[in-house]
Amino acid sequence: MTTDSPMPSPPFPSPDSAVLRLIVGNAIASVRSGEASVEEAILHAAVHDWYEGHVQGEDECPGCDFRGELPKHGNRG
């Protein structure tokens, strides 16, 4: 999967991440095997993808206390 538009700041893994492909592949396999419903597989994948993106963001900018243009805990609304 590729995109020409810029991605916002993490927390989510890069679209070409091997970890993302693994998580999505596991979700698809769990639905196909009957181990999980579609809803359960989506929730599981979303939680793990968010976590992996958070880790990726920390690796790329250790010590950063903001995402994008907003300071940490800044008012987003």
# chains A, B, ... in the order shown; residues from 1 in each chain; ligands from 1
$ residues_around --residues "Val19 (chain A)" --least-positions-apart "3" --cutoff "12 Å" --atoms "only C-alpha atoms" --output "count of residues only"
19
$ atom_distance --atom1 "CA of Ser17 (chain A)" --atom2 "CA of Gly57 (chain A)"
12.9 Å
$ atom_distance --atom1 "CA of Arg32 (chain A)" --atom2 "CA of Leu20 (chain A)"
18.4 Å
$ atom_distance --atom1 "CA of Cys61 (chain A)" --atom2 "CA of Ala27 (chain A)"
29.1 Å
